[in-house]
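start_22.cif (mmCIF, C-alpha atoms and all ligand atoms) appears below.
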```cif
data_model
#
loop_
_atom_site.label_atom_id
_atom_site.label_comp_id
_atom_site.auth_asym_id
_atom_site.auth_seq_id
_atom_site.Cartn_x
_atom_site.Cartn_y
_atom_site.Cartn_z
CA MET A 33 27.71 109.54 143.50
CA ALA A 34 29.86 112.64 143.77
CA ASN A 35 28.66 115.20 146.25
CA HIS A 36 28.55 118.68 144.74
CA LYS A 37 29.19 121.71 146.92
CA LEU A 38 26.80 124.42 145.85
CA LEU A 39 26.84 127.90 147.39
CA LEU A 40 23.60 129.86 147.06
CA LEU A 41 23.94 133.64 147.07
CA PRO A 42 20.37 134.86 146.47
CA GLY A 43 21.22 138.55 146.94
CA ASP A 44 18.58 141.27 146.68
CA GLY A 45 15.23 142.08 145.07
CA ILE A 46 13.81 139.12 143.18
CA GLY A 47 17.04 137.15 143.79
CA PRO A 48 15.71 135.19 146.80
CA GLU A 49 12.39 134.34 145.10
CA VAL A 50 13.97 132.94 141.96
CA THR A 51 16.71 131.13 143.90
CA GLY A 52 13.97 129.49 145.98
CA GLN A 53 12.68 127.80 142.82
CA VAL A 54 16.11 126.31 142.14
CA GLU A 55 16.13 124.83 145.64
CA LYS A 56 13.01 122.85 144.72
CA ILE A 57 14.73 121.52 141.65
CA VAL A 58 17.84 120.56 143.60
CA SER A 59 15.63 118.63 146.08
CA TRP A 60 13.88 116.90 143.19
CA PHE A 61 17.16 115.70 141.67
CA GLU A 62 18.27 114.48 145.10
CA LYS A 63 14.99 112.66 145.78
CA GLN A 64 15.28 110.87 142.44
CA GLY A 65 18.82 109.80 143.33
CA LEU A 66 20.08 111.79 140.33
CA GLY A 67 22.51 113.93 142.26
CA SER A 68 23.84 114.72 145.68
CA PHE A 69 24.34 118.31 146.70
CA SER A 70 25.51 120.00 149.84
CA LEU A 71 24.00 123.45 149.91
CA GLU A 72 25.52 126.40 151.70
CA ARG A 73 23.89 129.80 151.84
CA GLY A 74 25.48 133.23 151.97
CA LEU A 75 24.73 136.92 151.54
CA VAL A 76 25.75 139.22 148.74
CA GLY A 77 24.95 142.76 147.63
CA GLY A 78 22.67 144.96 149.72
CA ALA A 79 21.72 142.00 151.92
CA ALA A 80 25.40 141.53 152.82
CA TYR A 81 25.86 145.26 153.35
CA ASP A 82 22.96 145.34 155.81
CA ALA A 83 24.47 142.42 157.76
CA HIS A 84 28.23 143.05 157.45
CA LYS A 85 28.70 146.58 156.04
CA GLN A 86 30.35 145.12 152.93
CA ALA A 87 29.01 143.72 149.66
CA ILE A 88 30.26 140.24 150.49
CA SER A 89 31.86 139.06 153.73
CA GLU A 90 35.25 137.34 153.97
CA GLY A 91 33.46 134.25 155.27
CA ASP A 92 31.20 134.06 152.24
CA MET A 93 34.16 134.69 149.91
CA LYS A 94 35.83 131.67 151.53
CA LEU A 95 32.71 129.55 150.94
CA ALA A 96 32.71 130.69 147.31
CA GLN A 97 36.38 129.69 146.91
CA GLU A 98 35.61 126.23 148.31
CA ALA A 99 32.37 125.60 146.39
CA ASP A 100 32.18 123.51 143.21
CA ALA A 101 29.75 126.11 141.95
CA VAL A 102 28.17 129.34 143.13
CA LEU A 103 24.57 130.13 142.24
CA PHE A 104 24.07 133.87 142.30
CA GLY A 105 20.66 135.59 142.23
CA ALA A 106 20.80 139.36 141.70
CA VAL A 107 22.03 142.44 143.57
CA GLY A 108 21.11 146.05 144.09
CA GLY A 109 18.11 148.29 144.70
CA PRO A 110 17.18 151.85 145.67
CA LYS A 111 17.68 151.07 149.36
CA TRP A 112 21.45 151.01 148.79
CA ALA A 113 21.69 153.97 146.40
CA ASP A 114 23.77 155.94 148.89
CA VAL A 115 26.15 153.36 150.34
CA PRO A 116 29.86 154.12 149.83
CA TYR A 117 30.96 153.23 146.28
CA GLN A 118 33.31 150.41 147.32
CA HIS A 119 30.48 148.73 149.25
CA ARG A 120 27.72 149.17 146.64
CA PRO A 121 25.85 145.89 145.95
CA GLU A 122 27.49 145.34 142.53
CA ALA A 123 30.92 145.33 144.22
CA GLY A 124 30.09 141.90 145.68
CA LEU A 125 29.54 140.40 142.24
CA LEU A 126 32.63 142.08 140.78
CA ARG A 127 34.76 140.79 143.65
CA LEU A 128 33.48 137.24 143.13
CA ARG A 129 34.30 137.43 139.42
CA LYS A 130 37.77 138.86 140.02
CA ASP A 131 38.86 136.83 143.05
CA LEU A 132 37.60 133.52 141.61
CA GLY A 133 39.25 134.35 138.25
CA LEU A 134 35.99 133.87 136.32
CA PHE A 135 37.21 135.29 133.02
CA ALA A 136 34.79 133.48 130.69
CA ASN A 137 31.14 134.48 130.78
CA LEU A 138 28.85 132.37 128.59
CA ARG A 139 25.51 133.94 127.80
CA PRO A 140 23.39 131.77 125.51
CA ALA A 141 20.35 133.40 123.93
CA ILE A 142 17.88 130.76 122.85
CA CYS A 143 14.40 131.59 121.66
CA TYR A 144 12.01 128.83 122.69
CA PRO A 145 9.51 128.19 119.87
CA ALA A 146 6.61 128.93 122.21
CA LEU A 147 7.99 132.40 122.92
CA ALA A 148 8.71 133.70 119.42
CA SER A 149 5.65 135.91 119.68
CA ALA A 150 6.68 137.31 123.09
CA SER A 151 9.70 139.05 121.60
CA SER A 152 9.39 142.68 120.56
CA LEU A 153 10.85 141.60 117.20
CA LYS A 154 8.93 139.83 114.43
CA PRO A 155 8.57 136.08 115.12
CA GLU A 156 10.48 135.11 111.94
CA VAL A 157 13.48 137.15 113.14
CA VAL A 158 13.81 135.28 116.44
CA GLU A 159 12.19 131.86 115.88
CA GLY A 160 14.77 129.12 116.37
CA LEU A 161 17.43 131.61 117.51
CA ASP A 162 20.39 129.95 119.26
CA ILE A 163 23.41 132.19 119.76
CA LEU A 164 26.09 132.33 122.42
CA ILE A 165 27.79 135.46 123.68
CA VAL A 166 31.21 134.80 125.17
CA ARG A 167 32.04 137.84 127.27
CA GLU A 168 35.46 138.53 128.82
CA LEU A 169 34.67 139.08 132.50
CA THR A 170 37.73 139.95 134.58
CA GLY A 171 39.42 142.66 132.53
CA GLY A 172 38.73 145.73 130.45
CA VAL A 173 37.19 148.94 131.69
CA TYR A 174 35.49 147.18 134.61
CA PHE A 175 38.79 146.66 136.39
CA GLY A 176 41.46 148.76 134.61
CA GLU A 177 43.44 151.24 136.73
CA PRO A 178 43.38 154.18 137.15
CA LYS A 179 39.69 154.24 137.94
CA GLU A 180 38.94 157.43 139.80
CA ILE A 181 37.38 160.84 140.05
CA VAL A 182 40.00 163.53 140.60
CA THR A 183 39.53 167.21 141.43
CA LEU A 184 41.41 169.51 139.09
CA GLU A 185 43.14 172.76 140.01
CA ASP A 186 40.19 174.88 138.92
CA GLY A 187 37.92 172.86 141.20
CA SER A 188 36.22 170.95 138.40
CA LYS A 189 36.42 167.18 138.36
CA ARG A 190 37.62 164.51 135.98
CA GLY A 191 36.37 160.93 135.92
CA VAL A 192 38.67 158.23 134.57
CA ASP A 193 38.09 154.60 133.65
CA THR A 194 40.80 152.59 131.96
CA GLN A 195 40.27 150.02 129.25
CA LEU A 196 43.19 147.65 129.02
CA TYR A 197 43.76 144.17 127.64
CA THR A 198 46.86 142.02 127.25
CA THR A 199 47.30 139.47 124.46
CA GLY A 200 47.11 136.72 127.11
CA GLU A 201 43.69 137.91 128.28
CA ILE A 202 42.42 138.17 124.70
CA GLU A 203 43.72 134.74 123.70
CA ARG A 204 42.25 132.88 126.65
CA ILE A 205 38.72 134.23 126.10
CA CYS A 206 38.90 133.75 122.33
CA ALA A 207 40.09 130.15 122.85
CA VAL A 208 36.90 129.50 124.84
CA ALA A 209 34.86 130.98 121.98
CA PHE A 210 36.62 128.91 119.29
CA GLU A 211 36.34 125.68 121.31
CA LEU A 212 32.62 126.23 121.93
CA ALA A 213 32.02 127.15 118.27
CA ARG A 214 33.44 123.74 117.30
CA THR A 215 30.63 122.10 119.29
CA ARG A 216 28.00 124.31 117.60
CA ARG A 217 27.82 125.85 114.10
CA ASN A 218 31.55 126.50 113.94
CA LYS A 219 31.49 130.27 113.54
CA VAL A 220 32.98 133.01 115.74
CA SER A 221 32.17 136.71 115.36
CA SER A 222 34.69 138.85 117.20
CA ALA A 223 33.23 142.23 118.18
CA GLU A 224 35.42 145.23 119.07
CA LYS A 225 35.99 148.82 117.98
CA HIS A 226 39.40 148.80 116.30
CA ASN A 227 38.33 151.95 114.44
CA VAL A 228 38.48 153.94 117.70
CA MET A 229 40.24 151.94 120.41
CA LYS A 230 43.81 150.64 120.78
CA THR A 231 42.48 147.68 122.75
CA GLY A 232 40.26 147.00 119.73
CA VAL A 233 43.26 147.05 117.37
CA LEU A 234 45.14 144.61 119.62
CA TRP A 235 42.04 142.44 120.04
CA LYS A 236 41.58 142.11 116.28
CA GLN A 237 45.29 141.41 115.61
CA THR A 238 45.45 138.83 118.41
CA VAL A 239 42.35 136.89 117.44
CA THR A 240 43.38 136.93 113.76
CA ALA A 241 46.79 135.41 114.56
CA GLN A 242 45.33 132.88 117.01
CA HIS A 243 42.78 131.80 114.43
CA ALA A 244 45.45 131.29 111.74
CA ARG A 245 47.59 129.34 114.21
CA ASP A 246 45.13 127.14 116.11
CA TYR A 247 41.58 127.40 114.77
CA LYS A 248 41.68 127.51 110.96
CA ASP A 249 38.79 125.03 110.85
CA VAL A 250 36.47 127.57 112.53
CA GLU A 251 34.98 130.44 110.54
CA LEU A 252 36.08 133.80 111.99
CA GLU A 253 34.57 137.19 111.19
CA HIS A 254 35.27 140.61 112.68
CA VAL A 255 32.44 143.00 113.43
CA LEU A 256 32.47 146.47 114.95
CA ALA A 257 30.65 146.29 118.27
CA ASP A 258 28.13 149.01 117.39
CA ASN A 259 27.33 147.29 114.10
CA CYS A 260 26.97 144.02 116.02
CA ALA A 261 24.28 145.63 118.22
CA MET A 262 22.44 146.72 115.09
CA GLN A 263 22.82 143.31 113.39
CA LEU A 264 21.49 141.61 116.53
CA VAL A 265 18.15 143.35 116.16
CA ARG A 266 18.17 143.21 112.34
CA TRP A 267 18.95 139.52 111.73
CA PRO A 268 20.37 137.77 114.82
CA LYS A 269 20.40 134.30 113.25
CA GLN A 270 23.52 135.25 111.25
CA TYR A 271 25.48 134.68 114.48
CA ASP A 272 26.67 131.55 116.24
CA VAL A 273 29.26 132.57 118.85
CA ILE A 274 30.01 136.24 119.52
CA VAL A 275 33.18 136.97 121.49
CA CYS A 276 33.89 140.39 122.98
CA ASP A 277 35.33 142.37 125.86
CA ASN A 278 33.70 142.96 129.21
CA LEU A 279 31.76 146.17 128.49
CA PHE A 280 30.62 145.31 124.95
CA GLY A 281 29.58 141.90 126.28
CA ASP A 282 27.50 143.52 128.99
CA ILE A 283 25.63 145.61 126.45
CA LEU A 284 25.31 143.06 123.63
CA SER A 285 24.02 140.40 126.01
CA ASP A 286 21.18 142.65 127.18
CA VAL A 287 20.21 143.14 123.54
CA ALA A 288 20.43 139.39 122.91
CA ALA A 289 18.34 138.72 126.02
CA MET A 290 15.42 140.75 124.71
CA LEU A 291 15.45 138.80 121.45
CA THR A 292 14.35 135.76 123.44
CA GLY A 293 11.22 137.46 124.71
CA SER A 294 12.28 138.64 128.16
CA LEU A 295 15.32 139.36 130.30
CA GLY A 296 13.78 136.77 132.63
CA MET A 297 14.79 133.96 130.25
CA LEU A 298 18.56 134.28 130.02
CA PRO A 299 20.96 132.20 132.14
CA SER A 300 24.71 132.61 132.27
CA ALA A 301 27.83 130.76 133.37
CA SER A 302 31.07 132.40 134.48
CA LEU A 303 34.02 130.04 134.39
CA GLY A 304 37.63 130.18 135.52
CA ALA A 305 40.62 128.37 134.08
CA GLU A 306 40.83 124.60 134.48
CA ASP A 307 43.04 123.55 137.39
CA PRO A 308 45.56 121.18 135.77
CA ALA A 309 45.80 119.11 138.99
CA THR A 310 42.08 118.47 139.53
CA GLY A 311 40.58 119.24 136.11
CA LYS A 312 38.03 121.43 137.92
CA ARG A 313 37.24 125.06 137.25
CA LYS A 314 35.78 127.68 139.55
CA ALA A 315 32.32 128.67 138.42
CA LEU A 316 29.47 131.01 139.15
CA TYR A 317 26.04 130.80 137.56
CA GLU A 318 23.64 133.73 137.41
CA PRO A 319 20.68 135.01 135.46
CA VAL A 320 21.45 137.94 133.14
CA HIS A 321 18.56 139.92 134.65
CA GLY A 322 18.97 142.20 137.64
CA SER A 323 17.23 142.46 141.00
CA ALA A 324 14.07 144.14 139.61
CA PRO A 325 13.22 145.91 142.88
CA ASP A 326 9.92 147.18 141.43
CA ILE A 327 8.46 143.67 141.33
CA ALA A 328 10.39 142.10 144.23
CA GLY A 329 8.37 140.13 146.76
CA LYS A 330 5.24 140.13 144.62
CA GLY A 331 5.56 136.66 143.09
CA LEU A 332 5.79 138.20 139.62
CA ALA A 333 9.39 137.31 138.74
CA ASN A 334 10.19 134.76 136.06
CA PRO A 335 12.46 132.08 137.59
CA ILE A 336 13.45 130.54 134.23
CA ALA A 337 16.76 132.40 133.84
CA MET A 338 17.76 131.27 137.33
CA ILE A 339 16.65 127.67 136.75
CA GLY A 340 18.43 127.70 133.38
CA SER A 341 21.54 128.89 135.21
CA PHE A 342 21.34 125.81 137.43
CA ALA A 343 21.04 123.69 134.26
CA MET A 344 24.31 125.27 133.11
CA ALA A 345 25.87 124.34 136.48
CA LEU A 346 24.77 120.75 135.95
CA ARG A 347 26.42 120.78 132.52
CA TYR A 348 29.64 122.72 133.14
CA SER A 349 30.42 122.05 136.82
CA PHE A 350 28.80 118.76 137.74
CA GLY A 351 29.41 116.72 134.60
CA ALA A 352 25.66 116.04 134.45
CA GLY A 353 24.86 116.91 130.84
CA GLU A 354 21.89 114.56 130.73
CA ALA A 355 20.33 116.12 133.81
CA ALA A 356 20.91 119.54 132.22
CA ASP A 357 19.18 118.41 129.00
CA ARG A 358 16.30 117.09 131.05
CA LEU A 359 15.90 120.34 132.99
CA GLU A 360 16.08 122.46 129.84
CA GLY A 361 13.58 120.08 128.24
CA ALA A 362 11.25 120.54 131.21
CA ILE A 363 11.45 124.33 130.78
CA ALA A 364 10.57 123.97 127.08
CA ASP A 365 7.66 121.64 127.96
CA VAL A 366 6.21 124.12 130.43
CA LEU A 367 6.46 126.95 127.92
CA GLY A 368 5.04 124.72 125.21
CA ALA A 369 2.02 124.02 127.44
CA GLY A 370 1.39 127.76 127.60
CA THR A 371 2.47 128.40 131.20
CA ARG A 372 3.68 132.01 131.44
CA THR A 373 4.86 134.42 134.06
CA LYS A 374 3.70 137.99 133.50
CA ASP A 375 6.83 139.12 131.61
CA ILE A 376 6.24 136.57 128.82
CA ALA A 377 2.43 136.42 128.84
CA ALA A 378 0.45 138.05 126.04
CA PRO A 379 -1.17 141.31 127.19
CA GLY A 380 -4.28 140.50 129.22
CA ALA A 381 -3.54 136.73 129.24
CA ASN A 382 -3.37 134.67 132.43
CA ALA A 383 -0.03 134.59 134.17
CA VAL A 384 1.32 132.28 136.88
CA SER A 385 3.40 133.32 139.89
CA THR A 386 7.11 132.69 140.45
CA THR A 387 6.30 129.72 142.71
CA GLU A 388 3.75 128.28 140.29
CA MET A 389 6.30 128.43 137.46
CA GLY A 390 8.85 126.65 139.70
CA ASP A 391 6.29 123.97 140.59
CA ALA A 392 5.30 123.53 136.94
CA ILE A 393 8.93 122.89 136.00
CA VAL A 394 9.33 120.30 138.78
CA LYS A 395 6.13 118.59 137.49
CA ALA A 396 7.45 118.63 133.93
CA LEU A 397 10.73 117.04 135.16
CA GLU A 398 8.64 114.37 136.81
CA ALA A 399 6.61 113.82 133.64
CA ARG A 400 9.78 113.33 131.59
CA GLY A 401 10.20 110.13 133.64
C1 LIG Z 501 25.68 141.83 134.37
C2 LIG Z 501 25.36 143.02 135.26
C3 LIG Z 501 26.62 143.42 136.00
C4 LIG Z 501 27.64 143.86 134.98
C5 LIG Z 501 26.41 144.48 137.08
C6 LIG Z 501 25.34 144.07 138.09
C7 LIG Z 501 27.69 144.81 137.80
O1 LIG Z 501 24.83 144.05 134.50
O2 LIG Z 501 26.08 140.79 134.90
O3 LIG Z 501 25.49 141.93 133.15
O4 LIG Z 501 27.67 145.03 134.57
O5 LIG Z 501 28.47 143.03 134.60
MN MN Z 502 24.52 143.61 132.39
#
```

The structure given in the file should be rewritten as structure tokens.
Ligand code: IPM
Ligand code: MN
Amino acid sequence: MANHKLLLLPGDGIGPEVTGQVEKIVSWFEKQGLGSFSLERGLVGGAAYDAHKQAISEGDMKLAQEADAVLFGAVGGPKWADVPYQHRPEAGLLRLRKDLGLFANLRPAICYPALASASSLKPEVVEGLDILIVRELTGGVYFGEPKEIVTLEDGSKRGVDTQLYTTGEIERICAVAFELARTRRNKVSSAEKHNVMKTGVLWKQTVTAQHARDYKDVELEHVLADNCAMQLVRWPKQYDVIVCDNLFGDILSDVAAMLTGSLGMLPSASLGAEDPATGKRKALYEPVHGSAPDIAGKGLANPIAMIGSFAMALRYSFGAGEAADRLEGAIADVLGAGTRTKDIAAPGANAVSTTEMGDAIVKALEARG
């Protein structure tokens, strides 16, 4: 059995609590002889700043480069509000994405039947929802230069961020979207703002030509990103795969997350290009939610997004699709049985703790035989 190198970077806030639940699941798979993992642990975000005065140390970056997959919790919190900008907690995550070349961020939004009533939208709008946001992750306004605040002659200041995309960057993310659409309902919605932005014009031209050349069998539609946000809350089931740039993907995936009932439900995978020599790709898996400092350490956090992120690692990094199905099935079973953390419980209903939810999922794995 292949041994998988997994680096855990729990980070800040609720990160360590939810990552702890994944550790139980890893042990369970090992005990059953269903996988062999060597776990390393590192620091990222505020936790790394406290220890090393930077958002991720060189040593931990090296471990990330060597790992088959990185499991990332969450970063940030009020404690680090005043650290120098280049060392702020988020810088650790952005460096991991950039240095590992993780250009493809997959954010599936699936509404479990048992949770249709937990969404703030009407149950019929979200029931059975299964969409995938494919977000470009290493370009755009997140990384474009110049990125600065300059002082002008009159003493006032000017902030600059730069949105830039090359055809190569657009084609490689759209290829991921088209390929994944072929394994689903065969439809790609490309979201940009070509009515305002040059990068949007280029994005639309590039994806149109690529579609005509390589992916005629897939349905392609273009949607303005603001309209896409509106359509996501109006009738999200019209979508299958949505592909977009880094910033629109950040925003649209938060909207999509809430459709599923809670931010605590959404996993994500960030993948690099396949290495032609080994067939492997660098990968990082993380929940879409943040560090939620207000509830950290209280046992209130929902570990499902984190556990679902590990399921994605099983599928995309470890070639263990069946184990992934089984883990996702166990999550559905637990929800079906009515087990809820506070974020997805009906007002006034009983809620379990982070640890209890983790234990319930291990039990459900067990029960699946
Ligand atoms: C996300 C987060 C990050 C982002 C932050 C923490 C830098 O919001 O993964 O969606 O903006 O990409
Ligand atoms: Mn975000």

From atom CA of A:Cys276 to atom CA of A:Ala141 the spacing works out at 15.3 Å

The residue from A:Leu279, A:Val58, A:Leu71, A:Met389 with the smallest atom-to-atom distance to ligand LIG 501 (chain Z), counting all atoms listed in the file, is A:Leu279

(message) Please identify all protein, DNA and RNA residues within 10 Å of ligand MN 502 (chain Z), counting all atoms listed in the file, and report them as a PyMOL selection string.
(response) chain A and resi 278-287+319-322

Note to self: Between A:Asp114, A:Asp391, A:Asp249, A:Glu49, which residue has the minimum interatomic distance to A:Tyr81, considering all atoms listed in the file?
What the structure shows: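 The answer is A:Asp114, which sits nearest to A:Tyr81.
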
If you count all atoms listed in the file, the residue of A:Glu168, A:Glu98, A:Glu354, A:Glu388 closest to ligand LIG 501 (chain Z) turns out to be A:Glu168

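Computed from the coordinates, the atom CA of A:Ile274 to atom CA of A:Ala301 distance equals 15.1 Å.
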
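Of note, atom C5 of ligand LIG 501 (chain Z) and atom CA of A:Leu40 are spaced 17.9 Å apart.
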
Counting only C-alpha atoms and all ligand atoms, closest pick from A:Arg313, A:Arg400, A:Arg204, A:Lys130 relative to ligand LIG 501 (chain Z) is A:Lys130

(Q) Can you pull out the residues contacting stretch 151-155 of chain A? Cut-off 12 Å, using only C-alpha atoms, and skip same-chain residues under 4 positions away; I want them as an NGL selection string. (A) :A and (142-147 or 159-161 or 264-268 or 287-297 or 375-378)

Return the padded bounding box of stretch 233-237 of chain A as JSON: axis-aligned, built from all atoms listed in the file, 8 Å added on each side, with centre and edge lengths in Å to one decimal.
```
{"center_x": 43.4, "center_y": 144.2, "center_z": 117.8, "size_x": 19.7, "size_y": 21.6, "size_z": 20.4}
```

### Message
Let me make sure I understand: among A:Tyr197, A:Trp235, A:Tyr317, A:Phe135, which one has the smallest atom-to-atom distance to A:Leu169 if we use all atoms listed in the file?
### Response
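Distance minimum relative to A:Leu169 lands on A:Phe135.
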
Inset, instruction - For the point (28.3, 125.4, 137.1) in the file's frame, write as a list in words all residues with an atom no more than 6 Å away, counting all atoms listed in the file. - result: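 Output: Ala101, Ala315, Tyr317, Met344, Ala345, Leu346, Tyr348 and Ser349 of chain A.
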
Writing out the chosen residues with C-alpha atoms as a PDB file, keeping the file's coordinate frame:
```pdb
ATOM      1  CA  ALA A 101      29.750 126.110 141.950  1.00  0.00           C
ATOM      2  CA  ALA A 315      32.320 128.670 138.420  1.00  0.00           C
ATOM      3  CA  TYR A 317      26.040 130.800 137.560  1.00  0.00           C
ATOM      4  CA  MET A 344      24.310 125.270 133.110  1.00  0.00           C
ATOM      5  CA  ALA A 345      25.870 124.340 136.480  1.00  0.00           C
ATOM      6  CA  LEU A 346      24.770 120.750 135.950  1.00  0.00           C
ATOM      7  CA  TYR A 348      29.640 122.720 133.140  1.00  0.00           C
ATOM      8  CA  SER A 349      30.420 122.050 136.820  1.00  0.00           C
TER       9      SER A 349
END
```

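Between A:Arg139 and the candidates A:Gly340, A:Ala309, A:Tyr247, A:Leu41, the tightest atom-to-atom separation, counting only C-alpha atoms, involves A:Gly340.
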
task: With a distance cut-off of 9 Å and only C-alpha atoms, select the neighbouring residues of A:Asp44, excluding the residue or stretch itself and same-chain residues fewer than 4 positions from it, and output the selection as a list in words.
output: Pro48, Leu75, Val76, Gly77, Gly78, Ala79, Gly105, Ala106, Val107, Gly108, Gly109, Pro121, Ser323, Ala324, Pro325 and Ala328 of chain A

Next, dump the selected residues to file, keeping only C-alpha atoms, as a PDB file, in the frame of the given file.
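The resulting file, result00.pdb, is reproduced below:
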```
ATOM      1  CA  PRO A  48      15.710 135.190 146.800  1.00  0.00           C
ATOM      2  CA  LEU A  75      24.730 136.920 151.540  1.00  0.00           C
ATOM      3  CA  VAL A  76      25.750 139.220 148.740  1.00  0.00           C
ATOM      4  CA  GLY A  77      24.950 142.760 147.630  1.00  0.00           C
ATOM      5  CA  GLY A  78      22.670 144.960 149.720  1.00  0.00           C
ATOM      6  CA  ALA A  79      21.720 142.000 151.920  1.00  0.00           C
ATOM      7  CA  GLY A 105      20.660 135.590 142.230  1.00  0.00           C
ATOM      8  CA  ALA A 106      20.800 139.360 141.700  1.00  0.00           C
ATOM      9  CA  VAL A 107      22.030 142.440 143.570  1.00  0.00           C
ATOM     10  CA  GLY A 108      21.110 146.050 144.090  1.00  0.00           C
ATOM     11  CA  GLY A 109      18.110 148.290 144.700  1.00  0.00           C
ATOM     12  CA  PRO A 121      25.850 145.890 145.950  1.00  0.00           C
ATOM     13  CA  SER A 323      17.230 142.460 141.000  1.00  0.00           C
ATOM     14  CA  ALA A 324      14.070 144.140 139.610  1.00  0.00           C
ATOM     15  CA  PRO A 325      13.220 145.910 142.880  1.00  0.00           C
ATOM     16  CA  ALA A 328      10.390 142.100 144.230  1.00  0.00           C
TER      17      ALA A 328
END
```

* To do: Please provide the set of residues having any atom within 12 Å of A:Arg245, restricted to only C-alpha atoms, with same-chain residues fewer than 6 positions apart removed, written as number ranges by chain.
  => A: 203, 207, 238-239

Can you write out the residues you just picked, keeping C-alpha atoms, as a short mmCIF file (atom, residue, chain, number, x, y, z; two decimals), in the frame of the given file?
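Resulting contents of again.cif:
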```
data_model
loop_
_atom_site.label_atom_id
_atom_site.label_comp_id
_atom_site.auth_asym_id
_atom_site.auth_seq_id
_atom_site.Cartn_x
_atom_site.Cartn_y
_atom_site.Cartn_z
CA GLU A 203 43.72 134.74 123.70
CA ALA A 207 40.09 130.15 122.85
CA THR A 238 45.45 138.83 118.41
CA VAL A 239 42.35 136.89 117.44
#
```

Within 10 Å of stretch 189-196 of chain A, counting all atoms listed in the file, which residues show up once you throw out same-chain ones fewer than 4 positions away? Write them as a list in words, please. Gly171, Gly172, Val173, Tyr174, Phe175, Gly176, Glu177, Pro178, Lys179, Glu180, Ile181, Val182, Thr183, Leu184, Glu185, Glu201, Met229, Lys230, Thr231, Gly232, Asp277, Asn278 and Leu279 of chain A

* Asked: Which residues, written as a PyMOL selection string, have at least one atom at most 7 Å from A:Glu318, with all atoms listed in the file counted and residues fewer than 2 positions away on the same chain left out?
  -> chain A and resi 103-105+299-301+316+320+338+341

task: List every protein, DNA or RNA residue that has at least one atom no more than 10 Å from (11.2, 115.0, 134.6) in the file's coordinates, counting only C-alpha atoms, and write the result as a VMD selection string.
output: chain A and resid 60 to 61 64 355 358 to 359 361 to 362 393 to 401

Kindly save the residues from that selection, with C-alpha atoms included, as a PDB file, keeping the file's coordinate frame.
```pdb
ATOM      1  CA  TRP A  60      13.880 116.900 143.190  1.00  0.00           C
ATOM      2  CA  PHE A  61      17.160 115.700 141.670  1.00  0.00           C
ATOM      3  CA  GLN A  64      15.280 110.870 142.440  1.00  0.00           C
ATOM      4  CA  ALA A 355      20.330 116.120 133.810  1.00  0.00           C
ATOM      5  CA  ARG A 358      16.300 117.090 131.050  1.00  0.00           C
ATOM      6  CA  LEU A 359      15.900 120.340 132.990  1.00  0.00           C
ATOM      7  CA  GLY A 361      13.580 120.080 128.240  1.00  0.00           C
ATOM      8  CA  ALA A 362      11.250 120.540 131.210  1.00  0.00           C
ATOM      9  CA  ILE A 393       8.930 122.890 136.000  1.00  0.00           C
ATOM     10  CA  VAL A 394       9.330 120.300 138.780  1.00  0.00           C
ATOM     11  CA  LYS A 395       6.130 118.590 137.490  1.00  0.00           C
ATOM     12  CA  ALA A 396       7.450 118.630 133.930  1.00  0.00           C
ATOM     13  CA  LEU A 397      10.730 117.040 135.160  1.00  0.00           C
ATOM     14  CA  GLU A 398       8.640 114.370 136.810  1.00  0.00           C
ATOM     15  CA  ALA A 399       6.610 113.820 133.640  1.00  0.00           C
ATOM     16  CA  ARG A 400       9.780 113.330 131.590  1.00  0.00           C
ATOM     17  CA  GLY A 401      10.200 110.130 133.640  1.00  0.00           C
TER      18      GLY A 401
END
```

Generate N, CA and C atoms for stretch 163-170 of chain A and emit them as a PDB file, in the coordinates of the input.
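This went into part_12.pdb:
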```pdb
ATOM      1  N   ILE A 163      22.073 131.582 119.848  1.00  0.00           N
ATOM      2  CA  ILE A 163      23.410 132.190 119.760  1.00  0.00           C
ATOM      3  C   ILE A 163      24.054 132.179 121.147  1.00  0.00           C
ATOM      4  N   LEU A 164      25.360 132.356 121.152  1.00  0.00           N
ATOM      5  CA  LEU A 164      26.090 132.330 122.420  1.00  0.00           C
ATOM      6  C   LEU A 164      27.031 133.523 122.468  1.00  0.00           C
ATOM      7  N   ILE A 165      26.846 134.352 123.481  1.00  0.00           N
ATOM      8  CA  ILE A 165      27.790 135.460 123.680  1.00  0.00           C
ATOM      9  C   ILE A 165      28.844 135.012 124.688  1.00  0.00           C
ATOM     10  N   VAL A 166      30.093 135.125 124.277  1.00  0.00           N
ATOM     11  CA  VAL A 166      31.210 134.800 125.170  1.00  0.00           C
ATOM     12  C   VAL A 166      31.857 136.122 125.552  1.00  0.00           C
ATOM     13  N   ARG A 167      31.626 136.512 126.785  1.00  0.00           N
ATOM     14  CA  ARG A 167      32.040 137.840 127.270  1.00  0.00           C
ATOM     15  C   ARG A 167      33.266 137.705 128.186  1.00  0.00           C
ATOM     16  N   GLU A 168      34.301 138.484 127.917  1.00  0.00           N
ATOM     17  CA  GLU A 168      35.460 138.530 128.820  1.00  0.00           C
ATOM     18  C   GLU A 168      34.977 139.181 130.118  1.00  0.00           C
ATOM     19  N   LEU A 169      35.352 138.633 131.270  1.00  0.00           N
ATOM     20  CA  LEU A 169      34.670 139.080 132.500  1.00  0.00           C
ATOM     21  C   LEU A 169      35.582 139.610 133.604  1.00  0.00           C
ATOM     22  N   THR A 170      36.889 139.489 133.458  1.00  0.00           N
ATOM     23  CA  THR A 170      37.730 139.950 134.580  1.00  0.00           C
ATOM     24  C   THR A 170      38.696 141.063 134.167  1.00  0.00           C
TER      25      THR A 170
END
```
